[in-house]
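The block underneath contains the structure these notes are about, expressed in structure tokens.
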Amino acid sequence: MTAATPTDEPMRLVVVGTTAWVEPAAAALSARESTTVERVETAAAALDAVRGGTVDCLLAEHALDGTTGIELLETVRAETETLPVVIATASGSEAIASDAVAAGAADYVPLDAPDEAAADGAGETAIDDLAARTERAVRSARKTATRRERARQFDAVFDDERTATWVLDETGALVRANRRAHELLDDGVDAAAGEPFWTLPWWSESAALRTDIRRIVETALAGSFGNAVVSQPTDGANPRVIDLSVRPVEDERGDLASIVVEGVDISERVGLERELRRSEELHRVTLNNMTDTVLITDEDGEYTYVCPNVHFIFGYTAEEIRERGTIDDLLGEDLFDREELAAEGVLKNIECTATDKAGREHTLLVNVREVSIQGGRLLYSCRDVTKRKRREDALATLQETAREFLYAGTHQEIAEHVVDSTPGVLGVDASAVYLFDADANDLQPAAHSPAMAELNGPLPTVHADGAALPSYSFVEDEPLFFDNVHGDDRLENRATELRSTAYIPLGDHGVFVAGSSAVGAFGQVDRELADLLAATAEAALDRVDRESRLREQDRRLQQQNERLSELNRVNETIREIDHALVQAETREEIDHTVCELLTGDDRFAFAWIGAVDRSTGTIEPRAWAGDGQGYLDSQSFELTDGGAEPAVRTAATGEATLISNVADGLREEPWRKDALVRDYLSALSIPLRYNEITHGVLTVYAESRDAFDETARAVLVELGETIASALSAIERKNALLTTAMTRVEFEVDDDAFVLSRLARDAECTLSYHGGVRQTAEGSHVFVTVDDAAVEAVERAAADLLAVEDVRSLGADGESGVLRLGLAEPFLALELADHGAVVREVTAEPDGTTLIVDVPESIDVRTVTGIVEGSFADVELRAKQSIDRSSEGTLSARFLDELTDRQLEVVQTAYYSGYFESPRDSTGEDVAAALDISPPAFYQHVRTAQRKLFATLFAEGHLSMAAGAEVQ
């Protein structure tokens, strides 16, 4: 016999009696919402109804058949104290009311007589009042039941032997504690009553612990639930761990009445949980790292166990696997023969195909065995061999691809084979190969699949600067794999539909690109296979390069042999020319011999030598040989010609001009057409220059393209220097042998002339009468100083950048001799290479006079051009013819006998006043100026004197012998 306690549940009432009010009362109560009324007539029936189910209230008439409502009430109270019983009667009295209350009635309701009530409507009011008071009795009973239940629950909780409970007042001070609290803490509880809970000695181990306790108590004081797990040191190894929970208790008005603190010693649980976590972690690590998935089913294929790592293979969680249906839905029907399994007990390595959650197919090897585990009868052990299967298939494709690579002869063929093999190896359709163009420093798209063009569009050329993804992979030699390439900032084509993309360098050859529109298409096996495919392609490209290099090496060897043969012919020609140059006596002989030897034996088609005429601004041919066919007559050779012929370019620049292919630029330069019709396919023009002296231009034409390689060019350029040296020697020889001279006097006004600048800066007169030497250290010139202190002139010379060294030789007051070391060659050296001799230079502050002797064999215009080309302001003042027959013969013979060092020593001694009487300088002074020892100086002087006397006496002896013979 129970009573419903929740206040929001429907009410079930039992109404007992037979009087007139019972029927309308039952009807009125039944009309109320969520109210069920059961009407009985006897007390026994009422007891049966109450005992037979949950009843919220018993409404009884006082006068019952054979008993009374009071007696029925007493019987009910003997069985339950909580069921509300309402006694109602139309013929009541105070005695009945008193007995009803004493017996434990929830309410006593007197009713008016129904007949009288019906007359004035008061009956309905009485019935409504009865219904209302019955409901009120139910609500009151429910509240009482709730309070009792709460009190019972609180007492049960408070006296729980497992939980320590403290009750605090509204300030947080301790009021009382249960027995478990006494047992849990060593210190007495009663002595601590009235103290704030967080200040009690139980929490005195640390300030942090007291702070935590105070925090959760203050949380409860604020009306909220609080919780904390605290530790208390013990004598043992592990501290005591207490789980504290704090909650506020409110009175009926909602005000804080007290605070309940509950503490549970969870030390053992914490230890168990720690061990359990370790065990679970080991179990989880073991299961999560298993490569196999274990499933157990009953005979119908329903799952009884699903391994936690099932998602590794199938992508589903364990719960999702169960929801999918039976094992047949996962692995397929007819996976094995049940009779065979019964006979064998276990079936191993059954291959099947399963589809995972993402729609990808997996190849599985399944072992099936009979078991009896937790209702399961069949255990399936599934191993994913998709990667191995893929690898086997891909390796087979790679093997076939490698065989195809063996027959590929070019990089292009290999690139196409890589693209064709990509679907079979990687399972993606979009692929491309970029090949590196070293000349342009670009990656050129060599081959691509139709899918690549569809997803990405046309592939552009990529500069190898590391900016774009293919370029970065190539330059850094780093394979790149992207689950979604759009997440990388280096992606240039943002409109591409590629997502999963791989960029793999092919060594120094280029980059392999593969991709798919799906995200995450490249697993570990795919990456390994992509690397393997790229490595195979790289090896094939290396092989092609090696073979290409071998072929190129063979070609180069053949070309080198041809060039060596040609070079031997050129060297033979050079030797013949060198031999002819030694024997040549005139410039014309040198010119014609060189041209004839260069064109002899079909060496070159045509060769000619021209001289630059500065007065006319043209090149005048001096000599030519070969199959000219009027070529020289067809050209103007003007130095201002825009489409310059090779000879004109060389004359203008002073550098060799090489035309490897005359046909290039045929329409831009008219001379090329004239050369091409004569089968001149290549040309080389070289300056005939020696010691900065140019004697013209030699131009050679050949009947084949690229006839002048680097070696031939260098040999011919060196030949030009040899020819120029021979021409200079001829001019110097002619100058020595020629007695007829033209003496030319120039007036120079240019500070670029070092003597003019020095005379102007020092305000003196400088005289040069010969005596210039060219050594390894530079040019040295001896000048006489007049009208100024030699020391002042020496200081002024030292300040000039053109003077690297200055020494005073035999200074005497305002006259003396200076030896100037010049940074650049002196004019006299250049003129001497053309056979002209600088006889005298007089430099004064207001101008410089230059006197040059030009042999009759030398064109005076050449000398004039050299002087005018050397200085800005030059005026030809005078020319006169002179004869130096005797002087020239003795001087030339004597100078030929002296070495350069002997001439330098004698000149220095002469200008130092060593040969004066008395001497201006001693031998030791001159030796010091020359940085040689005195004995070496005296030896050079005596040797020079002996050679001078030998020249004079030998000349005289010859003259006497000639005269005696005549007599």
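In the structure tokens, chains take the letters A, B, ... in the order shown, each chain's residues start at 1, and ligands count up from 1 in the order shown.
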
Within 8 Å of segment 712-715 of chain A, which residues of segment 552-652 of chain A show up? Give each one with its shortest atom-to-atom distance in Å (one decimal) and the two atoms involved, counting only C-alpha atoms, rows by chain then rising residue number, as JSON lines.
```
{"residue": "A:Leu567", "atom": "CA", "partner": "A:Ala712", "partner_atom": "CA", "distance": 6.5}
{"residue": "A:Val570", "atom": "CA", "partner": "A:Ala712", "partner_atom": "CA", "distance": 7.4}
{"residue": "A:Asn571", "atom": "CA", "partner": "A:Val715", "partner_atom": "CA", "distance": 7.9}
```

Can I get the selected residues back with N, CA and C atoms, as a PDB file, in the first residue's frame?
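Resulting contents of selection30.pdb:
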```
ATOM      1  N   LEU A 567      94.109  22.667 -87.598  1.00  0.00           N
ATOM      2  CA  LEU A 567      95.100  23.452 -86.860  1.00  0.00           C
ATOM      3  C   LEU A 567      96.507  23.118 -87.291  1.00  0.00           C
ATOM      4  N   VAL A 570      96.977  25.030 -90.243  1.00  0.00           N
ATOM      5  CA  VAL A 570      97.208  26.437 -89.910  1.00  0.00           C
ATOM      6  C   VAL A 570      98.603  26.632 -89.328  1.00  0.00           C
ATOM      7  N   ASN A 571      99.000  25.706 -88.429  1.00  0.00           N
ATOM      8  CA  ASN A 571     100.328  25.829 -87.829  1.00  0.00           C
ATOM      9  C   ASN A 571     101.430  25.699 -88.888  1.00  0.00           C
TER      10      ASN A 571
END
```

>> Among segment 568-664 of chain A, which residues does DSSP mark as strand (DSSP E) when it is run on the backbone? Keep the chain and numbering as in the structure and answer as a ChimeraX atom specification.
In response: /A:606-613,618-626,657-659

> With only C-alpha atoms as the basis for distance, which of A:Asp437, A:Asp56, A:Asp128, A:Asp356 is at the shortest distance from Ala26 of chain A?
Replying inline: A:Asp128

>> Counting only C-alpha atoms, which residue out of A:Ile327, A:Leu480, A:Leu716, A:Ala540 sits closest to Glu404 of chain A?
In response: A:Ala540

> Which residues come within 8 Å of Gly720 of chain A, counting only C-alpha atoms, excluding same-chain residues fewer than 2 positions away, as a PyMOL selection string?
Replying inline: chain A and resi 686-689+698+716-718+722-724

> Looking only at the backbone, which of the residues in segment 510-678 of chain A does DSSP tag as alpha helix (DSSP H), as number ranges by chain?
Replying inline: A: 524-583, 587-599, 631-634, 646-653, 670-676

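Interatomic distance, atom CA of Asp531 of chain A to atom CA of Ser449 of chain A: 18.8 Å.
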
> Ala580 of chain A: which residues within 10 Å, counting only C-alpha atoms, same-chain residues fewer than 5 positions away excluded, as a list in words?
Replying inline: Ile574, Arg575, Glu585, Glu589, Ile590, Thr593, Val594 and Leu597 of chain A

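Residues in contact range of Thr599 of chain A, defined as at most 12 Å between only C-alpha atoms, with sequence neighbours fewer than 4 positions away removed, read Arg569, Val570, Thr573, Ile574, Ile577, His592, Thr593, Val594, Cys595, Arg603, Phe604, Ala605, Phe606, Ala607, Trp608, Trp624, Ala625, Gly626, Asp627, Gly628, Thr699, Val700, Tyr701, Ala702 and Glu703 of chain A.
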
Got time to write the residues from that selection, C-alpha atoms, as a PDB file, in the first residue's frame?
```pdb
ATOM      1  CA  ARG A 569      97.473  23.005 -91.511  1.00  0.00           C
ATOM      2  CA  VAL A 570      97.208  26.437 -89.910  1.00  0.00           C
ATOM      3  CA  THR A 573     101.043  27.832 -92.633  1.00  0.00           C
ATOM      4  CA  ILE A 574     102.153  29.880 -89.611  1.00  0.00           C
ATOM      5  CA  ILE A 577     104.839  32.547 -92.723  1.00  0.00           C
ATOM      6  CA  HIS A 592     102.212  39.494-100.300  1.00  0.00           C
ATOM      7  CA  THR A 593     103.913  36.472 -98.733  1.00  0.00           C
ATOM      8  CA  VAL A 594     101.395  36.347 -95.871  1.00  0.00           C
ATOM      9  CA  CYS A 595      98.369  36.543 -98.196  1.00  0.00           C
ATOM     10  CA  ARG A 603      93.732  26.761 -96.784  1.00  0.00           C
ATOM     11  CA  PHE A 604      91.470  29.825 -97.022  1.00  0.00           C
ATOM     12  CA  ALA A 605      89.471  31.221 -99.923  1.00  0.00           C
ATOM     13  CA  PHE A 606      90.768  34.797 -99.818  1.00  0.00           C
ATOM     14  CA  ALA A 607      93.086  36.970 -97.732  1.00  0.00           C
ATOM     15  CA  TRP A 608      94.121  40.605 -97.963  1.00  0.00           C
ATOM     16  CA  TRP A 624      95.785  40.204-101.467  1.00  0.00           C
ATOM     17  CA  ALA A 625      95.720  36.592-102.682  1.00  0.00           C
ATOM     18  CA  GLY A 626      93.203  33.846-103.334  1.00  0.00           C
ATOM     19  CA  ASP A 627      89.923  33.774-105.231  1.00  0.00           C
ATOM     20  CA  GLY A 628      89.035  37.431-104.854  1.00  0.00           C
ATOM     21  CA  THR A 699      91.250  39.774 -93.206  1.00  0.00           C
ATOM     22  CA  VAL A 700      90.775  36.091 -94.101  1.00  0.00           C
ATOM     23  CA  TYR A 701      87.692  34.431 -95.646  1.00  0.00           C
ATOM     24  CA  ALA A 702      86.741  30.717 -95.628  1.00  0.00           C
ATOM     25  CA  GLU A 703      84.332  28.660 -97.701  1.00  0.00           C
TER      26      GLU A 703
END
```

If you take only C-alpha atoms and a cut-off of 8 Å, which residues of segment 42-85 of chain A touch segment 138-156 of chain A, and what are their nearest atom pairs and distances in Å to one decimal, in chain and number order, as JSON lines?
```
{"residue": "A:Asp56", "atom": "CA", "partner": "A:Val138", "partner_atom": "CA", "distance": 6.3}
{"residue": "A:Cys57", "atom": "CA", "partner": "A:Val138", "partner_atom": "CA", "distance": 6.2}
{"residue": "A:Thr82", "atom": "CA", "partner": "A:Ala141", "partner_atom": "CA", "distance": 6.7}
{"residue": "A:Leu83", "atom": "CA", "partner": "A:Ala141", "partner_atom": "CA", "distance": 7.2}
{"residue": "A:Pro84", "atom": "CA", "partner": "A:Ala141", "partner_atom": "CA", "distance": 6.1}
```

Restricting it to C-alpha atoms, dump the selection as a compact mmCIF listing (two decimals), in the first residue's frame.
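Listing of again.txt after writing:
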```
# COMPACT_ATOMS: atom_id res chain seq x y z
CA ASP A 56 -3.44 9.23 -3.75
CA CYS A 57 -6.48 9.64 -1.47
CA THR A 82 1.07 8.49 4.52
CA LEU A 83 -2.14 7.82 2.58
CA PRO A 84 -4.50 10.79 3.08
```

Residue contacts of Gln524 of chain A (12 Å, only C-alpha atoms) excluding same-chain residues fewer than 6 positions away, as a PDB file with C-alpha atoms, in the first residue's frame:
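So the final result, stored in selection_37.pdb, reads:
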```
ATOM      1  CA  THR A 386      45.587  -3.038 -49.957  1.00  0.00           C
ATOM      2  CA  LYS A 387      48.961  -1.317 -49.812  1.00  0.00           C
ATOM      3  CA  ARG A 388      50.787  -4.539 -50.491  1.00  0.00           C
ATOM      4  CA  ARG A 390      48.735  -1.870 -54.713  1.00  0.00           C
ATOM      5  CA  ARG A 391      52.476  -2.087 -54.377  1.00  0.00           C
ATOM      6  CA  LEU A 426      49.608   5.842 -58.621  1.00  0.00           C
ATOM      7  CA  PHE A 481      52.998  16.173 -51.434  1.00  0.00           C
ATOM      8  CA  ASP A 483      46.459  16.780 -49.555  1.00  0.00           C
ATOM      9  CA  ALA A 530      55.566   8.134 -56.742  1.00  0.00           C
ATOM     10  CA  ASP A 531      59.137   8.420 -55.485  1.00  0.00           C
TER      11      ASP A 531
END
```

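The shortest atom-to-atom distance to Leu244 of chain A, with only C-alpha atoms taken into account, belongs to A:Thr165 out of A:Thr165, A:Asn178, A:Tyr305, A:Glu195.
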
I'd like the contact shell of Leu506 of chain A - 10 Å cut-off, only C-alpha atoms, skipping same-chain residues fewer than 6 positions apart - returned as a compact mmCIF listing (two decimals) with C-alpha atoms, in the first residue's frame.
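The result, stored in part03.txt:
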```
# COMPACT_ATOMS: atom_id res chain seq x y z
CA VAL A 433 56.58 16.12 -66.71
CA TYR A 434 58.59 19.34 -66.84
CA LEU A 435 62.07 19.17 -68.39
CA PHE A 436 64.76 21.67 -67.44
CA SER A 473 60.69 21.33 -55.84
CA PHE A 474 63.32 21.36 -58.60
CA ASP A 477 65.51 19.01 -54.74
CA PRO A 479 59.53 16.14 -53.11
CA PHE A 512 57.26 15.04 -62.23
CA ASP A 531 59.14 8.42 -55.48
CA LEU A 533 58.45 6.07 -60.41
CA ALA A 534 60.38 9.36 -60.32
CA ALA A 535 63.61 7.54 -59.41
CA THR A 536 63.10 5.11 -62.32
CA ALA A 537 62.48 8.00 -64.70
CA GLU A 538 65.51 9.86 -63.35
CA ALA A 539 67.71 6.80 -63.95
CA LEU A 541 67.03 10.26 -68.10
CA ASP A 542 70.55 9.83 -66.71
```

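Here the question is which of A:Leu395, A:Asp298, A:Ser881, A:Ala342 gets nearest to Gly376 of chain A using only C-alpha atoms, and that residue is A:Asp298.
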
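Remark: for Ala220 of chain A, the closest of the candidate residues A:His579, A:Thr171, A:Met452, A:Thr199 is A:Thr171 (distances computed over only C-alpha atoms).
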
>> Between atom CA of Pro248 of chain A and atom CA of Ala173 of chain A, what distance in Å does the model show, to one decimal?
In response: 13.2 Å
